[in-house]
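Q: I have a structure I would like to understand better, so I am pasting it below and will then ask my questions one at a time.
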There are 2 protein chains.
Amino acid sequence: MALIVQKYGGSSVADAESIKRVAKRIVDARRAGHDVVVAVSAMGDTTDELIDLAGQVAPIPAPREMDMLLSSGERISMALLAMAIHSMGFEARSFTGSQAGMITTADHGSARIVDVTPVRLREALDDGAIVIVAGFQGFNRDTRDITTLGRGGSDTTAVALAAALEADVCEIYSDVDGIFTADPRVVPKARKLSVVGAEEMLELAANGAKVLYIRAVEYARRHGVLIHARSTFSSGVGTYVLGPGMSIPDGEEGETMEEPIVAGVATDLGQAKITVIGVPDVPGKAAEIFKIVAKSGANVDMIVQNVSAASTGRTDISFTLPKSDAATAIKALAGDQDDIGFASLVHDDQIGKLSVVGAGMRTHSGVSATLFEALSTSGINIEMISTSEIRISVVLRGDDLADAARVVHTAYGLDGDIEATVYAGTGR
Amino acid sequence: MALIVQKYGGSSVADAESIKRVAKRIVDARRAGHDVVVAVSAMGDTTDELIDLAGQVAPIPAPREMDMLLSSGERISMALLAMAIHSMGFEARSFTGSQAGMITTADHGSARIVDVTPVRLREALDDGAIVIVAGFQGFNRDTRDITTLGRGGSDTTAVALAAALEADVCEIYSDVDGIFTADPRVVPKARKLSVVGAEEMLELAANGAKVLYIRAVEYARRHGVLIHARSTFSSGVGTYVLGPGMSIPDGEEGETMEEPIVAGVATDLGQAKITVIGVPDVPGKAAEIFKIVAKSGANVDMIVQNVSAASTGRTDISFTLPKSDAATAIKALAGDQDDIGFASLVHDDQIGKLSVVGAGMRTHSGVSATLFEALSTSGINIEMISTSEIRISVVLRGDDLADAARVVHTAYGLDGDIEATVYAGTGR
């Protein structure tokens, strides 16, 4: 008998029918003899609708009240889910983040978990009940206020509960079968992975892959939680995310256990590039620029500085950042143009970022050569390059991104025999 | 400077515009220098919608989960209201029933308040903030579960807070101007009362009048809370409900303070009549009948037993009850027909109940005579009569109820000079 934590996102509980489907899934797990704890998001687009409603009554909604408002969404879905399970003949009890012992910082809208004390959950499990917990929310001990966790909050709730309860596995359900070697909507020949390393998953998620949130994967890696990414619509095995020292449960080995050199390819069209033209080539200028950009709240990704032209003593510095941060960063830099002394700014929002991720890169050479050759053969120009131990990222024209992803996927031998079933889902 | 408690119902906060309107009203009270505490219901039809959603996932929703679900409604409206007040430049803090110290029994769906410990509310008021509290909900100390208070819950929340905080007044807002001498939609010449006694209000509410819930009026009477029933859409004085020893605030006396003999007329089309025909006239039969009816959960109102016919040794017993309870009561009685020995059952759901209420009845004779004469002159037949110290109720044909109410209203000199403005509102 295992202790299983399951997480269901908004699209999995979008309406009464979906809720009943999920309830049946949960009951099946309980029927198999396992203890089951479920973290659930708000129904469908509830959270966005509540944010919209807030905007209608106040231009800048007070953060404490926003969290009070948004936490209602999960309250509704968790209660309905518990009711559905009850009507199937199984005991179920729902708990808010506060009741579940999800203790956080006081940062409304982006609270971080500081402790998990699931006393009431253990009591309920001991009573034989299925436990449902509101995802995305917690409680701050000092202010005694409800908090919400920000993007990926429900995934993080699930993983945090799994860690605190020492669960055997944390199943994260979405409307896709698991983690793929690439987004199937971009690369039709993408294959579902049976396993992926936690570090690889982090890199994939940080660079465009959408099924799991970085934060949850990182928490799982740090606390030794085994994540199993699965589909609400199928009972097949999904993808296991293995942290250090972990292995997949007996009987579920799929493909060869040899670590592939490249796990997958991630694509990201959400970045923009800003080039600061004609920066005086003196020490400290780069520091000035990025201090200003950081203060504007922008999240800088890749940076490239060209060698300065001997003739002018000036250089260009390019960096990438989320499209949504670009306007603020540009405004901040333009405001300090005289101090820094650059000539002009260029804002390019037509870029695409392609990343190749694989733990095998540590020990195998030639991985980047394969990438560059594949792109060159297809006539696709590389504009920026950035690497980490297990990732190579390149910036190219956004229009080239899909083609690039496909040829690179093939070049690394990742193509599947059949085309992956493309779900209309969001991957959440 | 006074401490004012205000209560706003669902139709007062049905959408973003309404919420902003109510926020402005609250801010006006604060601007006048008062401390303001607000109890608020869920927006519009939210509660009914949530009940409906629950019915879609489970035929008999688990009570604990139902309360968890329903309490979300008030959470949403209270947070939005606090946000709106904030954006008008005033500090506001929202609190759930639990955070507000609303301690109740564990009866989900119909919890009763056992204690109110508004520590956090007082702290917020001391900080100069406007306090918003979720109506309709509380918290049970033993189970540590959220509870809801049942019908009239938000009115009760407001009155309970007013009592615990020793507020100067509890303003209950709806979409009508106050308490009228009769329902203006039935009796166009109904007048708004400036004051009404708490006992009279109880009788009116118990017999069909809709603006205030019996429970809240009773709580106010018992704890010495002054209720002021007002309209969200007008700034005029409404109706003060005076308990023993209370008087209306200085400067707000309207009409003569002489206690009218009759305060008002209430009409009720929600009752049905059941007649048990041919009950053996032996001791204990009536007890048997009403024990069975009580066990079926029906709420019996009026009872009439005719003198038995000497020839048959049998009698008929009639009683009234809410229409919604009739089917269950009949089923229960039919099931025990042999034991009780009655001949048959008659179910009449076409009755109407008219009640005349007035504290003056205690000391003045002739009140019932006026009633009977007015009805007789109009050719309206009385089928059952029931009285209390300050109320006379008669059962007649439902079709006759409106006419009866009008002639009786006139007979007691209650008619206003102008026709009351009839709101399309529900009176909530």
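Labeling convention for the structure tokens: chains A, B, ... as they appear, residues from 1 per chain, ligands from 1 in order of appearance.
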Can you tell me which residues surround Ile4 (chain B) at a distance of at most 6 Å, considering only C-alpha atoms, apart from same-chain residues fewer than 6 positions away, and format the answer as a PyMOL selection string?
A: chain B and resi 36+167-169
Q: Quick one: residues within 7 Å of region 95-104 of chain B, only C-alpha atoms, excluding same-chain residues fewer than 5 positions away - as a list in words?
A: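 My reading of the contact set: Arg75, Ala111, Arg112, Ile113, Val114, Asp115, Val116, Thr117, Pro118, Arg120, Leu121, Ile132, Val133, Ala134, Gly135, Gln137, Gly138, Phe139, Asn140 and Arg141 of chain B.
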Q: Using all C-alpha atoms paired in order, least-squares fit chain A onto chain B and give me the moved copy as a compact mmCIF listing (two decimals) with C-alpha atoms, in the first residue's frame.
A:
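Written out: out32.txt:
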# COMPACT_ATOMS: atom_id res chain seq x y z
CA MET A 1 -18.79 58.86 16.82
CA ALA A 2 -20.80 55.69 16.61
CA LEU A 3 -20.05 52.08 15.78
CA ILE A 4 -22.33 51.07 12.93
CA VAL A 5 -22.84 47.55 11.60
CA GLN A 6 -24.24 47.34 8.08
CA LYS A 7 -25.53 44.30 6.23
CA TYR A 8 -25.83 44.07 2.44
CA GLY A 9 -27.62 41.19 0.77
CA GLY A 10 -26.92 39.42 -2.51
CA SER A 11 -28.91 41.73 -4.74
CA SER A 12 -27.07 44.74 -3.28
CA VAL A 13 -23.72 43.30 -4.40
CA ALA A 14 -24.83 41.49 -7.52
CA ASP A 15 -22.09 42.87 -9.82
CA ALA A 16 -19.09 45.19 -9.98
CA GLU A 17 -21.23 48.33 -10.28
CA SER A 18 -23.36 47.41 -7.28
CA ILE A 19 -20.29 46.63 -5.25
CA LYS A 20 -18.88 50.05 -5.99
CA ARG A 21 -22.18 51.66 -5.06
CA VAL A 22 -22.21 49.87 -1.73
CA ALA A 23 -18.54 50.72 -1.16
CA LYS A 24 -19.36 54.38 -1.58
CA ARG A 25 -22.16 54.08 0.96
CA ILE A 26 -19.79 52.48 3.45
CA VAL A 27 -17.14 55.12 2.85
CA ASP A 28 -19.72 57.88 3.46
CA ALA A 29 -20.44 56.40 6.88
CA ARG A 30 -16.72 56.26 7.68
CA ARG A 31 -16.20 59.78 6.39
CA ALA A 32 -18.87 60.94 8.83
CA GLY A 33 -16.52 59.74 11.56
CA HIS A 34 -18.13 56.42 12.48
CA ASP A 35 -16.50 53.02 12.90
CA VAL A 36 -18.03 50.73 10.32
CA VAL A 37 -18.34 46.94 10.27
CA VAL A 38 -20.06 45.34 7.27
CA ALA A 39 -21.58 41.84 6.92
CA VAL A 40 -22.03 40.88 3.30
CA SER A 41 -23.78 38.05 1.42
CA ALA A 42 -22.53 36.33 -1.72
CA MET A 43 -22.99 38.18 -5.02
CA GLY A 44 -26.41 37.85 -6.62
CA ASP A 45 -27.43 34.23 -7.12
CA THR A 46 -23.99 32.82 -6.35
CA THR A 47 -25.19 30.66 -3.46
CA ASP A 48 -27.94 29.07 -5.58
CA GLU A 49 -25.49 28.53 -8.44
CA LEU A 50 -23.03 26.78 -6.12
CA ILE A 51 -25.82 24.57 -4.75
CA ASP A 52 -26.72 23.71 -8.33
CA LEU A 53 -23.11 22.90 -9.22
CA ALA A 54 -22.89 20.64 -6.16
CA GLY A 55 -26.01 18.81 -7.31
CA GLN A 56 -24.31 18.15 -10.63
CA VAL A 57 -21.36 16.33 -9.06
CA ALA A 58 -23.21 14.51 -6.26
CA PRO A 59 -26.90 13.66 -5.71
CA ILE A 60 -26.57 14.10 -1.93
CA PRO A 61 -23.62 16.45 -1.32
CA ALA A 62 -21.67 15.77 1.87
CA PRO A 63 -22.67 18.48 4.41
CA ARG A 64 -19.13 19.42 5.52
CA GLU A 65 -18.09 19.92 1.90
CA MET A 66 -21.27 21.83 1.10
CA ASP A 67 -20.43 24.38 3.76
CA MET A 68 -16.85 24.61 2.49
CA LEU A 69 -18.26 25.25 -0.98
CA LEU A 70 -20.97 27.74 -0.09
CA SER A 71 -18.71 29.80 2.16
CA SER A 72 -16.68 30.70 -0.93
CA GLY A 73 -19.47 32.97 -2.14
CA GLU A 74 -19.18 35.44 0.74
CA ARG A 75 -15.40 35.25 0.54
CA ILE A 76 -15.54 36.56 -3.00
CA SER A 77 -17.93 39.42 -2.31
CA MET A 78 -16.18 40.52 0.88
CA ALA A 79 -12.77 40.68 -0.82
CA LEU A 80 -14.16 42.64 -3.77
CA LEU A 81 -15.92 45.04 -1.44
CA ALA A 82 -12.73 45.62 0.55
CA MET A 83 -10.83 46.26 -2.69
CA ALA A 84 -13.42 48.78 -3.86
CA ILE A 85 -13.20 50.65 -0.56
CA HIS A 86 -9.41 50.67 -0.75
CA SER A 87 -9.50 52.22 -4.19
CA MET A 88 -11.61 55.02 -2.73
CA GLY A 89 -8.78 55.82 -0.37
CA PHE A 90 -9.95 54.10 2.81
CA GLU A 91 -8.35 51.22 4.67
CA ALA A 92 -10.55 48.10 4.62
CA ARG A 93 -9.93 44.54 5.77
CA SER A 94 -12.07 41.50 5.03
CA PHE A 95 -12.51 38.56 7.42
CA THR A 96 -14.07 35.15 7.03
CA GLY A 97 -16.58 34.00 9.64
CA SER A 98 -13.78 32.03 11.24
CA GLN A 99 -11.37 34.97 11.33
CA ALA A 100 -14.15 37.19 12.73
CA GLY A 101 -14.65 34.86 15.68
CA MET A 102 -18.13 33.64 14.69
CA ILE A 103 -18.20 30.39 16.72
CA THR A 104 -21.06 28.00 15.96
CA THR A 105 -22.46 24.53 16.55
CA ALA A 106 -21.30 21.81 14.16
CA ASP A 107 -24.63 21.54 12.32
CA HIS A 108 -23.59 21.99 8.72
CA GLY A 109 -26.09 24.02 6.73
CA SER A 110 -27.97 25.22 9.80
CA ALA A 111 -25.34 26.06 12.37
CA ARG A 112 -26.34 28.17 15.37
CA ILE A 113 -24.09 30.87 16.80
CA VAL A 114 -22.76 29.94 20.25
CA ASP A 115 -20.20 32.70 20.74
CA VAL A 116 -18.73 35.72 18.99
CA THR A 117 -15.12 36.68 19.76
CA PRO A 118 -14.30 39.54 17.37
CA VAL A 119 -10.73 40.13 18.53
CA ARG A 120 -9.29 40.72 15.06
CA LEU A 121 -12.20 42.99 14.17
CA ARG A 122 -11.52 45.23 17.17
CA GLU A 123 -7.84 45.38 16.25
CA ALA A 124 -8.73 46.41 12.72
CA LEU A 125 -11.17 49.07 13.98
CA ASP A 126 -8.49 50.37 16.36
CA ASP A 127 -6.18 50.66 13.34
CA GLY A 128 -8.85 52.84 11.74
CA ALA A 129 -9.87 50.29 9.14
CA ILE A 130 -13.34 49.54 7.82
CA VAL A 131 -14.13 45.93 8.60
CA ILE A 132 -15.86 43.61 6.11
CA VAL A 133 -17.09 40.23 7.36
CA ALA A 134 -18.38 37.29 5.34
CA GLY A 135 -22.02 36.75 6.30
CA PHE A 136 -23.77 33.40 6.56
CA GLN A 137 -20.75 31.50 7.92
CA GLY A 138 -18.95 30.52 11.09
CA PHE A 139 -16.54 28.03 12.58
CA ASN A 140 -16.89 25.09 14.94
CA ARG A 141 -14.18 24.79 17.60
CA ASP A 142 -14.34 21.01 17.99
CA THR A 143 -14.26 19.93 14.36
CA ARG A 144 -12.36 23.05 13.26
CA ASP A 145 -14.64 23.08 10.23
CA ILE A 146 -16.33 25.98 8.43
CA THR A 147 -20.11 26.07 8.93
CA THR A 148 -22.95 27.99 7.27
CA LEU A 149 -25.89 29.39 9.18
CA GLY A 150 -28.90 28.56 7.02
CA ARG A 151 -31.66 30.90 5.88
CA GLY A 152 -31.26 34.47 7.04
CA GLY A 153 -27.65 33.74 7.91
CA SER A 154 -26.22 37.06 6.80
CA ASP A 155 -28.82 39.07 8.72
CA THR A 156 -27.98 36.96 11.77
CA THR A 157 -24.24 37.52 11.24
CA ALA A 158 -24.80 41.27 11.20
CA VAL A 159 -26.91 41.29 14.34
CA ALA A 160 -24.54 38.96 16.17
CA LEU A 161 -21.59 41.22 15.32
CA ALA A 162 -23.58 44.27 16.43
CA ALA A 163 -24.31 42.59 19.75
CA ALA A 164 -20.71 41.45 20.34
CA LEU A 165 -19.23 44.81 19.37
CA GLU A 166 -21.96 46.75 21.25
CA ALA A 167 -22.74 48.67 18.10
CA ASP A 168 -25.00 51.71 18.23
CA VAL A 169 -27.13 50.38 15.39
CA CYS A 170 -27.35 47.47 12.95
CA GLU A 171 -28.41 48.73 9.50
CA ILE A 172 -29.88 46.00 7.33
CA TYR A 173 -29.94 47.04 3.69
CA SER A 174 -32.22 45.64 1.02
CA ASP A 175 -33.82 46.97 -2.13
CA VAL A 176 -36.91 48.31 -0.33
CA ASP A 177 -37.16 51.44 1.83
CA GLY A 178 -37.90 49.63 5.09
CA ILE A 179 -40.70 47.69 6.78
CA PHE A 180 -44.12 48.48 5.36
CA THR A 181 -47.58 48.13 6.86
CA ALA A 182 -48.14 45.46 4.20
CA ASP A 183 -46.32 44.13 1.13
CA PRO A 184 -46.59 47.08 -1.33
CA ARG A 185 -46.91 44.66 -4.22
CA VAL A 186 -50.10 43.26 -2.66
CA VAL A 187 -51.42 46.44 -0.97
CA PRO A 188 -50.45 49.50 -3.07
CA LYS A 189 -51.49 51.87 -0.26
CA ALA A 190 -49.05 50.31 2.22
CA ARG A 191 -47.00 52.86 4.17
CA LYS A 192 -43.42 52.66 5.34
CA LEU A 193 -43.25 52.43 9.12
CA SER A 194 -40.81 54.67 10.97
CA VAL A 195 -40.67 52.27 13.87
CA VAL A 196 -42.00 48.83 14.65
CA GLY A 197 -41.71 46.85 17.88
CA ALA A 198 -39.41 43.82 17.88
CA GLU A 199 -42.24 41.50 18.91
CA GLU A 200 -44.43 42.89 16.15
CA MET A 201 -41.59 42.44 13.67
CA LEU A 202 -41.22 38.85 14.79
CA GLU A 203 -44.88 38.17 14.19
CA LEU A 204 -44.85 39.93 10.83
CA ALA A 205 -41.75 38.01 9.71
CA ALA A 206 -43.13 34.70 10.97
CA ASN A 207 -46.29 35.25 9.00
CA GLY A 208 -45.11 36.22 5.57
CA ALA A 209 -43.30 39.55 5.74
CA LYS A 210 -39.99 39.28 3.93
CA VAL A 211 -37.61 42.10 4.68
CA LEU A 212 -36.01 40.73 7.84
CA TYR A 213 -35.48 37.14 8.97
CA ILE A 214 -37.15 36.03 12.21
CA ARG A 215 -33.92 34.63 13.52
CA ALA A 216 -32.05 37.91 13.20
CA VAL A 217 -34.91 39.89 14.74
CA GLU A 218 -35.09 37.46 17.66
CA TYR A 219 -31.33 37.61 18.23
CA ALA A 220 -31.52 41.42 18.15
CA ARG A 221 -34.39 41.46 20.62
CA ARG A 222 -32.59 39.12 22.99
CA HIS A 223 -29.27 41.00 22.87
CA GLY A 224 -30.61 44.54 22.76
CA VAL A 225 -29.51 45.38 19.21
CA LEU A 226 -31.25 48.28 17.44
CA ILE A 227 -32.08 47.28 13.86
CA HIS A 228 -32.55 49.92 11.15
CA ALA A 229 -33.99 48.41 7.95
CA ARG A 230 -32.98 50.65 5.01
CA SER A 231 -32.69 50.77 1.24
CA THR A 232 -29.36 50.55 -0.63
CA PHE A 233 -30.83 52.88 -3.22
CA SER A 234 -31.92 55.75 -1.02
CA SER A 235 -30.39 57.70 1.82
CA GLY A 236 -33.68 58.28 3.62
CA VAL A 237 -34.51 56.90 7.03
CA GLY A 238 -35.91 53.37 6.92
CA THR A 239 -37.64 51.52 9.73
CA TYR A 240 -36.25 51.10 13.23
CA VAL A 241 -37.06 47.85 15.01
CA LEU A 242 -37.24 48.63 18.72
CA GLY A 243 -36.64 45.99 21.35
CA PRO A 244 -37.61 46.49 24.99
CA GLY A 245 -36.16 49.70 26.40
CA MET A 246 -34.86 50.95 23.08
CA SER A 247 -35.55 54.26 21.39
CA ILE A 248 -34.62 55.62 18.01
CA PRO A 249 -31.57 57.87 17.73
CA ASP A 250 -32.05 61.58 18.39
CA GLY A 251 -33.19 63.65 15.51
CA GLU A 252 -34.73 60.79 13.64
CA GLU A 253 -38.23 60.78 15.05
CA GLY A 254 -40.65 60.75 12.17
CA GLU A 255 -44.29 60.19 12.83
CA THR A 256 -46.12 60.33 16.10
CA MET A 257 -44.59 58.14 18.76
CA GLU A 258 -47.96 56.89 19.95
CA GLU A 259 -48.01 53.17 19.57
CA PRO A 260 -50.50 52.29 16.83
CA ILE A 261 -52.87 49.49 17.73
CA VAL A 262 -52.10 47.56 14.57
CA ALA A 263 -48.60 47.82 13.10
CA GLY A 264 -49.15 45.93 9.91
CA VAL A 265 -50.72 43.19 7.86
CA ALA A 266 -48.76 40.16 6.61
CA THR A 267 -49.77 37.86 3.78
CA ASP A 268 -48.54 34.35 3.14
CA LEU A 269 -49.27 32.16 0.11
CA GLY A 270 -46.67 29.58 1.02
CA GLN A 271 -48.84 27.46 3.30
CA ALA A 272 -50.98 24.42 2.60
CA LYS A 273 -53.75 22.84 4.65
CA ILE A 274 -54.08 19.16 5.49
CA THR A 275 -57.33 17.85 6.94
CA VAL A 276 -57.42 14.45 8.61
CA ILE A 277 -61.01 13.34 8.10
CA GLY A 278 -62.88 11.07 10.53
CA VAL A 279 -60.45 10.80 13.39
CA PRO A 280 -61.85 8.61 16.20
CA ASP A 281 -62.73 10.99 19.01
CA VAL A 282 -60.68 9.30 21.75
CA PRO A 283 -57.93 10.80 23.89
CA GLY A 284 -54.48 10.69 22.38
CA LYS A 285 -55.39 10.68 18.71
CA ALA A 286 -54.37 14.29 18.13
CA ALA A 287 -51.07 13.60 19.89
CA GLU A 288 -50.42 10.60 17.64
CA ILE A 289 -51.14 12.59 14.52
CA PHE A 290 -48.87 15.50 15.35
CA LYS A 291 -46.08 13.27 16.57
CA ILE A 292 -46.04 11.58 13.17
CA VAL A 293 -46.18 14.91 11.36
CA ALA A 294 -43.35 16.33 13.48
CA LYS A 295 -41.18 13.28 12.82
CA SER A 296 -41.64 13.84 9.09
CA GLY A 297 -39.84 17.16 9.62
CA ALA A 298 -42.88 19.32 8.84
CA ASN A 299 -43.25 22.67 10.58
CA VAL A 300 -46.93 22.83 11.67
CA ASP A 301 -48.39 26.32 11.91
CA MET A 302 -52.12 26.51 12.76
CA ILE A 303 -54.31 23.71 14.08
CA VAL A 304 -58.09 23.54 14.20
CA GLN A 305 -60.10 20.67 15.59
CA ASN A 306 -63.84 20.68 15.12
CA VAL A 307 -66.23 19.43 17.77
CA SER A 308 -66.93 15.83 17.05
CA ALA A 309 -70.28 14.85 15.61
CA ALA A 310 -72.22 13.11 18.33
CA SER A 311 -73.71 10.77 15.78
CA THR A 312 -70.39 9.43 14.46
CA GLY A 313 -67.97 9.87 17.40
CA ARG A 314 -65.46 11.13 14.90
CA THR A 315 -63.98 14.51 14.19
CA ASP A 316 -61.87 16.29 11.61
CA ILE A 317 -58.55 17.90 12.42
CA SER A 318 -57.06 20.53 10.09
CA PHE A 319 -53.61 22.02 10.25
CA THR A 320 -51.48 24.27 8.09
CA LEU A 321 -47.78 23.87 7.19
CA PRO A 322 -45.34 25.13 4.52
CA LYS A 323 -46.31 23.84 1.06
CA SER A 324 -42.88 22.24 0.72
CA ASP A 325 -43.47 20.09 3.81
CA ALA A 326 -46.94 18.84 2.74
CA ALA A 327 -45.99 15.84 0.63
CA THR A 328 -43.73 14.38 3.32
CA ALA A 329 -46.34 14.91 6.03
CA ILE A 330 -49.07 13.25 3.98
CA LYS A 331 -46.86 10.29 3.18
CA ALA A 332 -46.07 9.87 6.87
CA LEU A 333 -49.71 10.04 7.92
CA ALA A 334 -50.90 7.73 5.15
CA GLY A 335 -48.33 5.22 6.28
CA ASP A 336 -49.97 5.10 9.73
CA GLN A 337 -53.58 5.31 8.65
CA ASP A 338 -54.56 1.97 10.16
CA ASP A 339 -53.00 2.71 13.53
CA ILE A 340 -54.61 6.11 13.86
CA GLY A 341 -57.85 4.99 12.30
CA PHE A 342 -58.82 8.06 10.29
CA ALA A 343 -60.97 7.84 7.20
CA SER A 344 -59.06 9.97 4.70
CA LEU A 345 -56.69 12.88 4.13
CA VAL A 346 -57.38 16.08 2.21
CA HIS A 347 -54.50 18.20 0.91
CA ASP A 348 -55.48 21.79 0.09
CA ASP A 349 -52.69 23.93 -1.37
CA GLN A 350 -54.89 26.83 -2.43
CA ILE A 351 -55.06 28.59 0.91
CA GLY A 352 -53.84 32.03 1.86
CA LYS A 353 -52.97 33.26 5.33
CA LEU A 354 -53.62 36.81 6.46
CA SER A 355 -52.18 38.09 9.72
CA VAL A 356 -52.85 41.34 11.55
CA VAL A 357 -50.06 42.28 13.94
CA GLY A 358 -50.02 44.92 16.64
CA ALA A 359 -48.72 45.29 20.17
CA GLY A 360 -51.75 47.44 20.87
CA MET A 361 -53.95 44.36 20.74
CA ARG A 362 -52.92 43.59 24.29
CA THR A 363 -54.72 46.58 25.67
CA HIS A 364 -57.41 47.31 23.09
CA SER A 365 -60.52 45.29 22.41
CA GLY A 366 -62.35 45.20 19.15
CA VAL A 367 -59.34 44.46 16.97
CA SER A 368 -60.62 41.06 15.89
CA ALA A 369 -64.11 42.44 15.38
CA THR A 370 -62.74 44.98 12.91
CA LEU A 371 -61.01 42.16 11.02
CA PHE A 372 -64.02 39.86 10.86
CA GLU A 373 -66.35 42.70 9.85
CA ALA A 374 -64.09 43.91 7.07
CA LEU A 375 -63.83 40.43 5.60
CA SER A 376 -67.52 39.68 5.98
CA THR A 377 -68.47 42.95 4.27
CA SER A 378 -66.29 41.94 1.33
CA GLY A 379 -67.86 38.52 1.20
CA ILE A 380 -64.59 36.77 2.05
CA ASN A 381 -64.98 33.53 3.98
CA ILE A 382 -62.75 32.73 6.96
CA GLU A 383 -61.76 29.05 7.18
CA MET A 384 -59.43 28.95 10.20
CA ILE A 385 -58.50 31.41 12.94
CA SER A 386 -55.44 31.49 15.15
CA THR A 387 -54.24 34.15 17.58
CA SER A 388 -51.34 35.14 19.76
CA GLU A 389 -51.09 38.09 22.17
CA ILE A 390 -50.29 40.48 19.40
CA ARG A 391 -51.44 38.71 16.26
CA ILE A 392 -54.63 37.42 14.65
CA SER A 393 -54.27 35.11 11.68
CA VAL A 394 -57.00 33.83 9.39
CA VAL A 395 -56.88 31.24 6.64
CA LEU A 396 -58.95 31.93 3.53
CA ARG A 397 -58.85 31.06 -0.17
CA GLY A 398 -55.53 32.00 -1.73
CA ASP A 399 -57.37 33.85 -4.51
CA ASP A 400 -58.99 36.08 -1.90
CA LEU A 401 -55.79 36.97 -0.10
CA ALA A 402 -54.84 40.15 -1.94
CA ASP A 403 -58.34 41.64 -1.75
CA ALA A 404 -58.59 40.67 1.91
CA ALA A 405 -55.25 42.31 2.69
CA ARG A 406 -56.35 45.55 1.05
CA VAL A 407 -59.72 45.85 2.74
CA VAL A 408 -58.30 44.93 6.13
CA HIS A 409 -55.44 47.42 5.68
CA THR A 410 -58.00 50.14 5.00
CA ALA A 411 -60.26 49.03 7.84
CA TYR A 412 -57.41 49.55 10.35
CA GLY A 413 -56.64 53.03 9.01
CA LEU A 414 -53.24 51.99 7.74
CA ASP A 415 -53.61 53.33 4.18
CA GLY A 416 -51.07 55.92 3.08
CA ASP A 417 -51.96 59.05 1.13
CA ILE A 418 -49.88 58.10 -1.85
CA GLU A 419 -49.31 54.74 -3.39
CA ALA A 420 -46.04 53.23 -2.19
CA THR A 421 -43.32 53.01 -4.84
CA VAL A 422 -43.24 49.40 -5.81
CA TYR A 423 -39.74 48.12 -6.32
CA ALA A 424 -39.07 45.21 -8.59
CA GLY A 425 -36.85 44.00 -5.79
CA THR A 426 -37.20 40.91 -3.73
CA GLY A 427 -36.99 42.79 -0.49
CA ARG A 428 -33.61 41.26 0.24
Q: According to DSSP computed on the backbone, where in region 166-372 of chain B is there strand (DSSP E)? Give the residues as number ranges by chain.
A: B: 169-174, 195-197, 227-231, 239-242, 264-268, 271-280, 303-305, 314-322, 344-348, 351-357
Q: Would you list, as a PyMOL selection string, the residues of region 247-301 of chain B that end up in alpha helix (DSSP H) under DSSP run on this structure's backbone?
A: chain B and resi 285-295
